[in-house]
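Student: Okay, so here is work-v2.cif, and as you'll see once you scroll down, it has mmCIF, C-alpha atoms.
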```
data_final
loop_
_atom_site.label_atom_id
_atom_site.label_comp_id
_atom_site.auth_asym_id
_atom_site.auth_seq_id
_atom_site.Cartn_x
_atom_site.Cartn_y
_atom_site.Cartn_z
CA MET A 702 0.00 0.00 0.00
CA THR A 703 1.44 3.37 -1.04
CA SER A 704 0.84 6.69 0.68
CA SER A 705 0.12 10.18 -0.56
CA PRO A 706 1.99 13.29 0.64
CA SER A 707 -0.75 13.78 3.24
CA GLY A 708 0.14 10.43 4.78
CA LEU A 709 -3.09 8.80 3.63
CA PRO A 710 -2.94 5.72 1.41
CA THR A 711 -3.49 5.88 -2.33
CA THR A 712 -4.81 2.30 -2.48
CA MET A 713 -6.94 0.20 -0.16
CA LEU A 714 -8.50 -3.22 0.22
CA ALA A 715 -12.17 -3.47 -0.63
CA ALA A 716 -14.74 -6.24 -0.96
CA ARG A 717 -16.57 -5.61 -4.20
CA TYR A 718 -18.59 -7.33 -6.89
CA PRO A 719 -19.39 -6.76 -10.58
CA THR A 720 -23.00 -5.93 -11.42
CA SER A 721 -23.04 -7.72 -14.77
CA GLY A 722 -21.42 -10.67 -16.51
CA PRO A 723 -20.99 -14.28 -15.37
CA ASP A 724 -19.62 -13.23 -11.96
CA ALA A 725 -22.31 -10.64 -11.22
CA GLY A 726 -22.88 -10.42 -7.48
CA THR A 727 -19.79 -12.46 -6.57
CA ILE A 728 -17.82 -10.64 -3.89
CA ARG A 729 -14.06 -10.60 -4.16
CA LEU A 730 -11.34 -8.86 -2.13
CA GLU A 731 -9.27 -6.52 -4.29
CA THR A 732 -6.86 -3.63 -4.07
CA VAL A 733 -8.50 -0.50 -5.45
CA PRO A 734 -7.73 3.24 -5.42
CA CYS A 735 -8.43 4.94 -2.13
CA PRO A 736 -11.12 7.62 -2.52
CA GLU A 737 -10.61 11.27 -1.75
CA PRO A 738 -13.32 13.33 -0.06
CA GLY A 739 -15.10 15.74 -2.39
CA VAL A 740 -16.92 18.94 -1.54
CA GLY A 741 -19.05 18.38 1.54
CA GLU A 742 -17.62 14.91 2.09
CA VAL A 743 -15.49 13.18 4.71
CA LEU A 744 -13.07 10.29 4.34
CA VAL A 745 -13.66 7.61 6.97
CA ALA A 746 -11.26 4.84 7.91
CA VAL A 747 -13.72 2.01 8.44
CA VAL A 748 -13.35 -0.06 11.62
CA VAL A 749 -16.53 -2.16 11.42
CA SER A 750 -18.97 -2.68 8.54
CA GLY A 751 -22.54 -3.77 9.30
CA VAL A 752 -24.50 -6.06 6.97
CA ASN A 753 -28.25 -5.68 6.39
CA PRO A 754 -30.70 -7.77 4.35
CA THR A 755 -30.84 -5.15 1.60
CA ASP A 756 -27.07 -5.49 1.16
CA TRP A 757 -27.23 -9.11 0.02
CA LYS A 758 -30.54 -8.58 -1.77
CA SER A 759 -28.96 -5.83 -3.86
CA ARG A 760 -26.32 -8.27 -5.09
CA SER A 761 -29.03 -10.58 -6.41
CA GLY A 762 -31.00 -7.76 -7.99
CA GLY A 763 -33.72 -8.01 -5.37
CA ALA A 764 -33.46 -4.52 -3.87
CA ILE A 765 -32.75 -0.98 -4.94
CA ALA A 766 -29.72 -0.01 -2.89
CA GLY A 767 -27.56 0.94 -5.86
CA GLY A 768 -27.89 3.19 -8.84
CA ALA A 769 -28.02 2.77 -12.57
CA ASP A 770 -24.90 2.06 -14.66
CA ILE A 771 -22.60 1.18 -11.75
CA PRO A 772 -20.26 -1.58 -12.99
CA TRP A 773 -18.70 -2.43 -9.61
CA VAL A 774 -20.18 -2.13 -6.12
CA ILE A 775 -18.52 -2.08 -2.72
CA PRO A 776 -21.51 -3.14 -0.58
CA ASN A 777 -22.94 -2.32 2.85
CA GLN A 778 -24.90 0.72 3.95
CA ASP A 779 -23.87 0.83 7.61
CA GLY A 780 -20.57 1.02 9.42
CA ALA A 781 -18.44 2.86 11.95
CA GLY A 782 -14.96 4.31 11.91
CA VAL A 783 -12.85 7.43 12.23
CA ILE A 784 -12.78 10.50 9.99
CA VAL A 785 -9.24 10.90 8.63
CA ALA A 786 -9.75 13.67 6.06
CA VAL A 787 -12.39 16.20 5.02
CA GLY A 788 -13.33 17.84 1.76
CA ASP A 789 -14.00 21.50 1.08
CA GLY A 790 -16.88 22.89 3.09
CA VAL A 791 -16.45 20.49 6.02
CA PRO A 792 -14.92 21.82 9.28
CA ALA A 793 -11.36 20.59 9.73
CA ASP A 794 -12.04 19.78 13.37
CA ARG A 795 -14.09 16.78 12.28
CA VAL A 796 -10.82 14.97 11.54
CA GLY A 797 -10.27 12.36 14.25
CA GLU A 798 -13.99 12.09 15.04
CA ARG A 799 -15.46 8.66 15.73
CA VAL A 800 -18.57 8.23 13.57
CA TRP A 801 -21.33 5.86 12.54
CA MET A 802 -22.55 5.85 8.96
CA TRP A 803 -25.94 5.42 7.31
CA GLU A 804 -27.00 4.89 3.68
CA ALA A 805 -23.34 4.83 2.73
CA GLN A 806 -23.98 2.97 -0.52
CA TRP A 807 -27.45 4.22 -1.43
CA GLN A 808 -27.33 5.08 -5.16
CA ARG A 809 -23.54 5.08 -4.98
CA ALA A 810 -20.85 2.59 -5.98
CA SER A 811 -19.04 2.45 -2.66
CA GLY A 812 -20.25 1.27 0.73
CA THR A 813 -18.51 0.40 3.97
CA ALA A 814 -16.99 -2.98 3.02
CA ALA A 815 -13.64 -1.31 2.43
CA GLU A 816 -10.80 0.18 4.40
CA TYR A 817 -11.90 3.71 3.48
CA ILE A 818 -15.06 5.40 2.27
CA ALA A 819 -15.73 8.96 1.14
CA LEU A 820 -19.32 9.99 1.75
CA PRO A 821 -21.42 13.09 2.51
CA SER A 822 -20.53 14.51 5.89
CA THR A 823 -24.18 14.34 7.01
CA HIS A 824 -24.02 10.56 6.61
CA ALA A 825 -21.13 10.27 9.08
CA VAL A 826 -22.64 10.96 12.50
CA PRO A 827 -20.61 11.51 15.69
CA LEU A 828 -20.44 8.42 17.88
CA PRO A 829 -20.75 9.21 21.61
CA ASP A 830 -17.86 8.20 23.84
CA HIS A 831 -19.97 5.57 25.58
CA ALA A 832 -20.91 3.87 22.29
CA GLY A 833 -18.56 1.38 20.65
CA PHE A 834 -17.92 0.84 16.97
CA ASP A 835 -20.01 -2.37 17.01
CA LEU A 836 -23.07 -0.44 18.16
CA GLY A 837 -22.41 2.28 15.61
CA ALA A 838 -22.14 -0.21 12.77
CA GLY A 839 -25.55 -1.65 13.66
CA LEU A 840 -27.54 1.59 13.79
CA GLY A 841 -28.13 3.11 10.35
CA ILE A 842 -30.74 1.20 8.41
CA PRO A 843 -32.26 -0.80 11.32
CA ALA A 844 -32.56 2.01 13.88
CA MET A 845 -33.73 4.64 11.39
CA THR A 846 -36.28 2.21 9.97
CA ALA A 847 -37.55 1.43 13.46
CA HIS A 848 -37.79 5.11 14.38
CA HIS A 849 -39.76 5.98 11.25
CA CYS A 850 -42.13 3.04 11.81
CA LEU A 851 -42.80 4.18 15.37
CA PHE A 852 -42.92 7.96 15.14
CA ALA A 853 -43.43 9.12 11.54
CA ASP A 854 -47.01 10.18 12.20
CA GLY A 855 -46.26 11.42 15.71
CA ARG A 856 -48.96 9.37 17.42
CA LEU A 857 -46.93 7.07 19.68
CA GLY A 858 -46.80 8.33 23.24
CA SER A 859 -46.25 7.39 26.84
CA GLY A 860 -48.32 4.41 27.93
CA ASP A 861 -49.28 3.34 24.40
CA GLN A 862 -48.99 -0.37 23.73
CA VAL A 863 -46.97 -1.59 20.77
CA LEU A 864 -46.53 -5.00 19.19
CA VAL A 865 -43.21 -5.69 17.46
CA GLN A 866 -43.44 -8.71 15.20
CA GLY A 867 -39.97 -10.24 15.02
CA GLY A 868 -38.54 -8.64 18.13
CA ALA A 869 -35.10 -10.26 17.93
CA GLY A 870 -34.16 -8.92 14.50
CA ALA A 871 -32.13 -5.76 14.03
CA VAL A 872 -35.15 -3.56 13.25
CA GLY A 873 -37.28 -5.27 15.89
CA HIS A 874 -34.57 -4.86 18.53
CA ALA A 875 -34.25 -1.15 17.77
CA ALA A 876 -38.04 -0.73 17.68
CA ILE A 877 -38.38 -2.23 21.17
CA GLU A 878 -35.69 0.02 22.61
CA LEU A 879 -36.93 3.19 20.90
CA ALA A 880 -40.55 2.55 21.92
CA VAL A 881 -39.58 1.86 25.55
CA HIS A 882 -37.42 5.00 25.52
CA ALA A 883 -40.55 6.94 24.49
CA GLY A 884 -42.50 5.51 27.41
CA ALA A 885 -44.50 2.93 25.47
CA ARG A 886 -45.21 -0.63 26.63
CA VAL A 887 -43.99 -3.26 24.19
CA ALA A 888 -44.96 -6.81 23.31
CA ALA A 889 -42.77 -8.74 20.89
CA THR A 890 -43.00 -12.01 19.00
CA VAL A 891 -40.05 -14.35 18.55
CA SER A 892 -39.34 -17.89 17.37
CA GLY A 893 -37.51 -19.49 20.28
CA PRO A 894 -35.90 -19.07 23.70
CA GLU A 895 -32.66 -17.50 22.43
CA LYS A 896 -34.57 -14.80 20.60
CA ALA A 897 -36.96 -14.39 23.51
CA ALA A 898 -34.02 -13.50 25.73
CA LEU A 899 -32.87 -10.85 23.26
CA ALA A 900 -36.33 -9.24 23.08
CA LYS A 901 -36.67 -9.29 26.85
CA ALA A 902 -33.24 -7.72 27.28
CA ALA A 903 -34.24 -4.95 24.86
CA GLY A 904 -37.15 -4.05 27.14
CA ALA A 905 -40.16 -5.97 25.85
CA GLU A 906 -42.72 -6.35 28.63
CA LEU A 907 -44.39 -9.32 26.95
CA VAL A 908 -42.55 -11.83 24.74
CA VAL A 909 -44.57 -14.39 22.78
CA ASP A 910 -43.09 -17.42 21.01
CA TYR A 911 -45.28 -17.61 17.92
CA ARG A 912 -44.28 -21.21 17.32
CA THR A 913 -45.70 -22.46 20.61
CA GLU A 914 -48.17 -19.81 21.80
CA ASP A 915 -51.38 -18.23 20.54
CA VAL A 916 -50.12 -14.76 19.62
CA ALA A 917 -53.51 -13.06 19.30
CA ALA A 918 -54.93 -14.45 22.55
CA THR A 919 -51.78 -13.71 24.54
CA VAL A 920 -51.38 -10.17 23.24
CA ARG A 921 -55.08 -9.41 23.62
CA ALA A 922 -54.96 -10.54 27.24
CA TRP A 923 -52.02 -8.18 27.79
CA ALA A 924 -53.70 -5.31 25.90
CA PRO A 925 -57.50 -5.77 26.25
CA ASP A 926 -58.23 -2.65 24.19
CA GLY A 927 -55.71 -3.60 21.53
CA VAL A 928 -52.28 -2.24 20.60
CA ALA A 929 -51.91 1.22 19.09
CA ARG A 930 -49.21 0.21 16.65
CA ILE A 931 -47.77 -2.94 15.13
CA ILE A 932 -44.26 -2.99 13.64
CA GLU A 933 -44.57 -5.71 11.03
CA VAL A 934 -41.85 -7.83 9.42
CA ASP A 935 -44.08 -10.39 7.64
CA LEU A 936 -47.53 -9.10 6.82
CA ALA A 937 -48.70 -12.19 4.92
CA ARG A 938 -47.93 -14.50 7.83
CA ASN A 939 -49.17 -12.25 10.60
CA ILE A 940 -52.09 -10.25 9.25
CA GLU A 941 -54.78 -12.45 10.82
CA ASP A 942 -53.21 -12.00 14.27
CA ASP A 943 -52.61 -8.30 13.60
CA ALA A 944 -56.30 -7.81 12.84
CA LYS A 945 -57.25 -9.46 16.13
CA VAL A 946 -54.99 -7.30 18.32
CA ILE A 947 -54.95 -3.86 16.67
CA ALA A 948 -56.77 -1.14 18.59
CA ASP A 949 -59.46 1.07 17.07
CA GLY A 950 -57.67 3.54 14.83
CA GLY A 951 -54.40 1.62 15.18
CA VAL A 952 -51.66 1.46 12.57
CA ILE A 953 -49.75 -1.52 11.19
CA VAL A 954 -46.43 -0.37 9.72
CA VAL A 955 -44.76 -2.84 7.35
CA TYR A 956 -41.02 -2.48 6.69
CA ALA A 957 -40.23 -5.79 4.94
CA ARG A 958 -41.54 -7.14 1.66
CA THR A 959 -43.74 -10.18 1.39
CA PHE A 960 -43.98 -12.29 -1.74
CA ASP A 961 -47.33 -13.82 -0.81
CA ALA A 962 -50.76 -12.40 -1.51
CA VAL A 963 -52.34 -10.57 1.41
CA THR A 964 -56.09 -10.40 2.00
CA PRO A 965 -56.98 -7.89 4.74
CA PRO A 966 -59.43 -9.42 7.24
CA PRO A 967 -62.76 -7.59 7.70
CA ALA A 968 -61.79 -6.89 11.31
CA LEU A 969 -59.32 -4.28 10.09
CA MET A 970 -62.16 -2.26 8.60
CA ALA A 971 -64.25 -2.67 11.73
CA SER A 972 -61.41 -1.25 13.82
CA ASN A 973 -60.67 1.59 11.38
CA ALA A 974 -57.11 0.34 11.27
CA SER A 975 -54.51 1.45 8.73
CA ILE A 976 -51.73 -0.45 7.01
CA ALA A 977 -48.71 1.64 6.05
CA PHE A 978 -45.69 0.50 4.08
CA MET A 979 -42.21 2.00 4.24
CA LEU A 980 -38.77 1.55 2.70
CA ILE A 981 -36.16 3.66 4.46
CA TYR A 982 -34.28 4.41 1.24
CA LYS A 983 -37.36 5.94 -0.38
CA ILE A 984 -38.90 8.04 2.36
CA PRO A 985 -38.50 11.83 1.93
CA GLN A 986 -35.21 13.41 2.99
CA THR A 987 -37.00 15.36 5.71
CA ALA A 988 -38.30 12.09 7.13
CA LYS A 989 -34.84 10.52 6.98
CA PHE A 990 -33.32 13.36 8.95
CA ALA A 991 -36.19 13.30 11.44
CA ALA A 992 -35.45 9.60 12.04
CA LEU A 993 -31.74 10.38 12.26
CA GLU A 994 -32.39 13.06 14.85
CA GLY A 995 -34.45 10.64 16.92
CA VAL A 996 -31.81 7.93 16.78
CA VAL A 997 -29.07 10.40 17.73
CA ALA A 998 -31.09 11.54 20.75
CA ALA A 999 -31.80 7.99 21.91
CA LEU A 1000 -28.16 7.01 21.41
CA ALA A 1001 -26.95 9.99 23.42
CA GLU A 1002 -29.19 8.94 26.31
CA GLY A 1003 -27.92 5.35 26.24
CA ALA A 1004 -31.23 3.90 25.08
CA LEU A 1005 -29.77 1.82 22.24
CA THR A 1006 -27.64 -1.31 22.60
CA GLU A 1007 -26.03 -3.71 20.19
CA LEU A 1008 -27.21 -7.22 19.43
CA PRO A 1009 -24.83 -10.18 19.84
CA SER A 1010 -22.63 -10.31 16.76
CA THR A 1011 -21.38 -12.88 14.29
CA ARG A 1012 -18.10 -11.59 12.91
CA PHE A 1013 -16.25 -11.95 9.64
CA THR A 1014 -13.10 -10.54 8.09
CA LEU A 1015 -13.16 -8.30 5.03
CA ALA A 1016 -11.85 -11.23 2.99
CA ASP A 1017 -14.95 -13.19 4.04
CA ALA A 1018 -17.49 -10.47 3.18
CA GLY A 1019 -19.34 -12.90 0.94
CA SER A 1020 -19.80 -15.30 3.85
CA ALA A 1021 -21.07 -12.38 5.95
CA HIS A 1022 -23.76 -11.73 3.35
CA ASP A 1023 -24.61 -15.44 3.30
CA ALA A 1024 -25.04 -15.37 7.07
CA VAL A 1025 -27.56 -12.54 6.85
CA GLU A 1026 -29.39 -14.32 4.04
CA GLY A 1027 -29.50 -17.38 6.29
CA SER A 1028 -31.14 -15.35 9.09
CA VAL A 1029 -28.37 -15.80 11.64
CA VAL A 1030 -29.43 -14.62 15.10
CA GLY A 1031 -28.01 -11.22 16.05
CA LYS A 1032 -26.01 -8.76 13.98
CA VAL A 1033 -23.51 -9.66 11.27
CA LEU A 1034 -20.40 -7.48 11.38
CA ILE A 1035 -17.27 -7.31 9.26
CA ASP A 1036 -14.08 -6.35 11.06
CA VAL A 1037 -12.26 -4.07 8.64
CA ALA A 1038 -9.49 -2.67 10.85
CA PRO A 1039 -8.86 -2.60 14.60
CA PRO A 1040 -9.16 0.96 15.95
CA THR A 1041 -5.48 0.87 16.89
CA GLU A 1042 -4.61 0.37 13.23
CA VAL A 1043 -6.59 3.33 11.91
CA PRO A 1044 -3.92 5.59 10.33
CA ASP A 1045 -3.10 9.05 11.56
CA SER A 1046 -5.43 11.73 10.22
CA GLN A 1047 -4.26 14.45 7.90
CA ASP A 1048 -3.11 17.71 9.44
#
```
Written as structure tokens, that's how I'd like the structure from this file.

Tutor:
Amino acid sequence: MTSSPSGLPTTMLAARYPTSGPDAGTIRLETVPCPEPGVGEVLVAVVVSGVNPTDWKSRSGGAIAGGADIPWVIPNQDGAGVIVAVGDGVPADRVGERVWMWEAQWQRASGTAAEYIALPSTHAVPLPDHAGFDLGAGLGIPAMTAHHCLFADGRLGSGDQVLVQGGAGAVGHAAIELAVHAGARVAATVSGPEKAALAKAAGAELVVDYRTEDVAATVRAWAPDGVARIIEVDLARNIEDDAKVIADGGVIVVYARTFDAVTPPPALMASNASIAFMLIYKIPQTAKFAALEGVVAALAEGALTELPSTRFTLADAGSAHDAVEGSVVGKVLIDVAPPTEVPDSQD
């Protein structure tokens, strides 16, 4: 690896894949030019890269995390690291700042699965001293999705009861913690004891194993008047239960796609319930920054914690994506560089 006069490298290691041809979507570790921060951008030395479902789905053409006419992609939207250089228009005192990143690869060629990334300064958010890089690398897409699902219409308040379907996943985990932080009472569904422990640790008051318990009866006994909001990961599988437990005027917010047909039960009409769909990449910029502001506030107050992690090296980024596709419990992280090996920042 060679260095520039500023002391920063001119090349770096990156996990990347071609978007066309016989090897499309196949991740390989290669040496590529190190980016330079442009106007309004920062250069981050990546310590940890977080992997989300949309990262592997993008490789298979199943999601819209990239842009048109991008021949090579360095994947992963989330990560954490240290700012080592800034572009014009960015205060020089940001150099040396520990940050977490969000939507790093949205409609861009380069995400966080590399030793360095240049991205808009607003997408590199200061990481509080009490928060580690692992927590930072797991925020972005999951926590901002959860915040938007909970608070986009401003109706969730203290004492409201919320059902989080899939409470041990990254979005579900963040939704539990953010709702509890807002004073809400939370029930969560899971698929086994290990996941039940994670949901309970996040603050869920009621945890229901949907494989062995009657979700609708158990939740309705806990919330006799119904739940004000349901954060939904699988609408096709859960809509019958959702209809039985939603309160009058309640909202079901769906953040994950289903490939099965969905027939809304008549009970949803009788309860004047609403079903809302959201994809974090496509919500308005104002909504994104509102979610970001909420996550930053919760993080500053210590309300967010990391899930247990399954870890991979940058050379095994493809295996990290496979682990997420295989629904491994907890968060999948890629160790890019130990913090002690992050190079000195530019003067």

Student: Taking into account only C-alpha atoms, which residue in the set A:Val743, A:Ile775, A:Ile984, A:Ala832 is nearest to Leu820 in chain A?

Tutor: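 For Leu820 in chain A, the nearest of the candidates is A:Val743.
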
Student: Just checking: using only C-alpha atoms, which residue out of A:Thr813, A:Val733, A:Ala1004, A:Pro776 ends up closest to Gly884 in chain A?

Tutor: A:Ala1004

Student: Given the file shown, enumerate the residues that the PyMOL selection byres ((chain A and resi 895-907) around 6) captures and present them as a list in words.

Tutor: Gly868, Ala869, Glu878, Val887, Ala888, Val891, Gly893, Pro894 and Val908 of chain A

Student: Step by step, work through what the PyMOL selection byres ((chain A and resi 927-936) around 7) selects in the shown file, and finish by giving those residues as a PyMOL selection string.

Tutor: chain A and resi 850+861-867+921+924-926+937-940+946-948+951-957+959

Student: As a check of understanding, name the residues that the PyMOL selection byres ((chain A and resi 778-781) around 8) selects in the supplied structure, as an MDAnalysis selection string.

Tutor: chainID A and resid 747:753 756 776:777 782:783 799:807 812:813 834:835 837:842

Student: N, CA, C and O atoms for range 1019-1040 of chain A, written as an mmCIF file, keeping the file's coordinate frame, could you do that?

Tutor:
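Result went into selection05.cif, see below:
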```cif
data_model
loop_
_atom_site.group_PDB
_atom_site.id
_atom_site.type_symbol
_atom_site.label_atom_id
_atom_site.label_comp_id
_atom_site.auth_asym_id
_atom_site.auth_seq_id
_atom_site.Cartn_x
_atom_site.Cartn_y
_atom_site.Cartn_z
ATOM 1 N N GLY A 1019 -18.299 -12.098 1.569
ATOM 2 C CA GLY A 1019 -19.340 -12.900 0.940
ATOM 3 C C GLY A 1019 -20.015 -13.829 1.931
ATOM 4 O O GLY A 1019 -21.237 -14.004 1.902
ATOM 5 N N SER A 1020 -19.230 -14.428 2.823
ATOM 6 C CA SER A 1020 -19.800 -15.300 3.850
ATOM 7 C C SER A 1020 -20.657 -14.504 4.830
ATOM 8 O O SER A 1020 -21.656 -15.004 5.342
ATOM 9 N N ALA A 1021 -20.263 -13.252 5.087
ATOM 10 C CA ALA A 1021 -21.070 -12.380 5.950
ATOM 11 C C ALA A 1021 -22.439 -12.143 5.332
ATOM 12 O O ALA A 1021 -23.472 -12.205 6.025
ATOM 13 N N HIS A 1022 -22.481 -11.901 4.035
ATOM 14 C CA HIS A 1022 -23.760 -11.730 3.350
ATOM 15 C C HIS A 1022 -24.582 -13.006 3.406
ATOM 16 O O HIS A 1022 -25.800 -12.973 3.604
ATOM 17 N N ASP A 1023 -23.902 -14.154 3.236
ATOM 18 C CA ASP A 1023 -24.610 -15.440 3.300
ATOM 19 C C ASP A 1023 -25.231 -15.641 4.676
ATOM 20 O O ASP A 1023 -26.327 -16.196 4.792
ATOM 21 N N ALA A 1024 -24.527 -15.205 5.718
ATOM 22 C CA ALA A 1024 -25.040 -15.370 7.070
ATOM 23 C C ALA A 1024 -26.314 -14.563 7.282
ATOM 24 O O ALA A 1024 -27.268 -15.022 7.925
ATOM 25 N N VAL A 1025 -26.349 -13.354 6.740
ATOM 26 C CA VAL A 1025 -27.560 -12.540 6.850
ATOM 27 C C VAL A 1025 -28.687 -13.170 6.045
ATOM 28 O O VAL A 1025 -29.831 -13.246 6.508
ATOM 29 N N GLU A 1026 -28.376 -13.644 4.851
ATOM 30 C CA GLU A 1026 -29.390 -14.320 4.040
ATOM 31 C C GLU A 1026 -29.938 -15.549 4.761
ATOM 32 O O GLU A 1026 -31.125 -15.873 4.653
ATOM 33 N N GLY A 1027 -29.088 -16.203 5.549
ATOM 34 C CA GLY A 1027 -29.500 -17.380 6.290
ATOM 35 C C GLY A 1027 -30.170 -17.076 7.618
ATOM 36 O O GLY A 1027 -30.435 -17.978 8.402
ATOM 37 N N SER A 1028 -30.430 -15.794 7.890
ATOM 38 C CA SER A 1028 -31.140 -15.350 9.090
ATOM 39 C C SER A 1028 -30.433 -15.737 10.379
ATOM 40 O O SER A 1028 -31.055 -16.185 11.349
ATOM 41 N N VAL A 1029 -29.116 -15.548 10.412
ATOM 42 C CA VAL A 1029 -28.370 -15.800 11.640
ATOM 43 C C VAL A 1029 -28.906 -14.895 12.746
ATOM 44 O O VAL A 1029 -29.324 -13.760 12.495
ATOM 45 N N VAL A 1030 -28.935 -15.397 13.968
ATOM 46 C CA VAL A 1030 -29.430 -14.620 15.100
ATOM 47 C C VAL A 1030 -28.416 -13.533 15.445
ATOM 48 O O VAL A 1030 -27.216 -13.783 15.517
ATOM 49 N N GLY A 1031 -28.887 -12.325 15.687
ATOM 50 C CA GLY A 1031 -28.010 -11.220 16.050
ATOM 51 C C GLY A 1031 -27.566 -10.420 14.839
ATOM 52 O O GLY A 1031 -28.157 -10.508 13.763
ATOM 53 N N LYS A 1032 -26.505 -9.655 15.010
ATOM 54 C CA LYS A 1032 -26.010 -8.760 13.980
ATOM 55 C C LYS A 1032 -24.765 -9.331 13.318
ATOM 56 O O LYS A 1032 -23.879 -9.858 14.006
ATOM 57 N N VAL A 1033 -24.694 -9.233 12.007
ATOM 58 C CA VAL A 1033 -23.510 -9.660 11.270
ATOM 59 C C VAL A 1033 -22.614 -8.447 11.045
ATOM 60 O O VAL A 1033 -23.043 -7.429 10.488
ATOM 61 N N LEU A 1034 -21.366 -8.562 11.498
ATOM 62 C CA LEU A 1034 -20.400 -7.480 11.380
ATOM 63 C C LEU A 1034 -19.155 -7.955 10.657
ATOM 64 O O LEU A 1034 -18.749 -9.113 10.784
ATOM 65 N N ILE A 1035 -18.546 -7.042 9.929
ATOM 66 C CA ILE A 1035 -17.270 -7.310 9.260
ATOM 67 C C ILE A 1035 -16.208 -6.441 9.911
ATOM 68 O O ILE A 1035 -16.321 -5.208 9.921
ATOM 69 N N ASP A 1036 -15.197 -7.087 10.473
ATOM 70 C CA ASP A 1036 -14.080 -6.350 11.060
ATOM 71 C C ASP A 1036 -13.158 -5.908 9.932
ATOM 72 O O ASP A 1036 -12.528 -6.746 9.268
ATOM 73 N N VAL A 1037 -13.080 -4.612 9.725
ATOM 74 C CA VAL A 1037 -12.260 -4.070 8.640
ATOM 75 C C VAL A 1037 -10.868 -3.738 9.144
ATOM 76 O O VAL A 1037 -9.859 -4.109 8.550
ATOM 77 N N ALA A 1038 -10.786 -3.021 10.270
ATOM 78 C CA ALA A 1038 -9.490 -2.670 10.850
ATOM 79 C C ALA A 1038 -9.671 -2.423 12.339
ATOM 80 O O ALA A 1038 -10.621 -1.739 12.733
ATOM 81 N N PRO A 1039 -8.789 -2.943 13.176
ATOM 82 C CA PRO A 1039 -8.860 -2.600 14.600
ATOM 83 C C PRO A 1039 -8.656 -1.100 14.779
ATOM 84 O O PRO A 1039 -7.905 -0.479 14.018
ATOM 85 N N PRO A 1040 -9.320 -0.489 15.750
ATOM 86 C CA PRO A 1040 -9.160 0.960 15.950
ATOM 87 C C PRO A 1040 -7.710 1.388 16.117
ATOM 88 O O PRO A 1040 -7.327 2.488 15.694
#
```
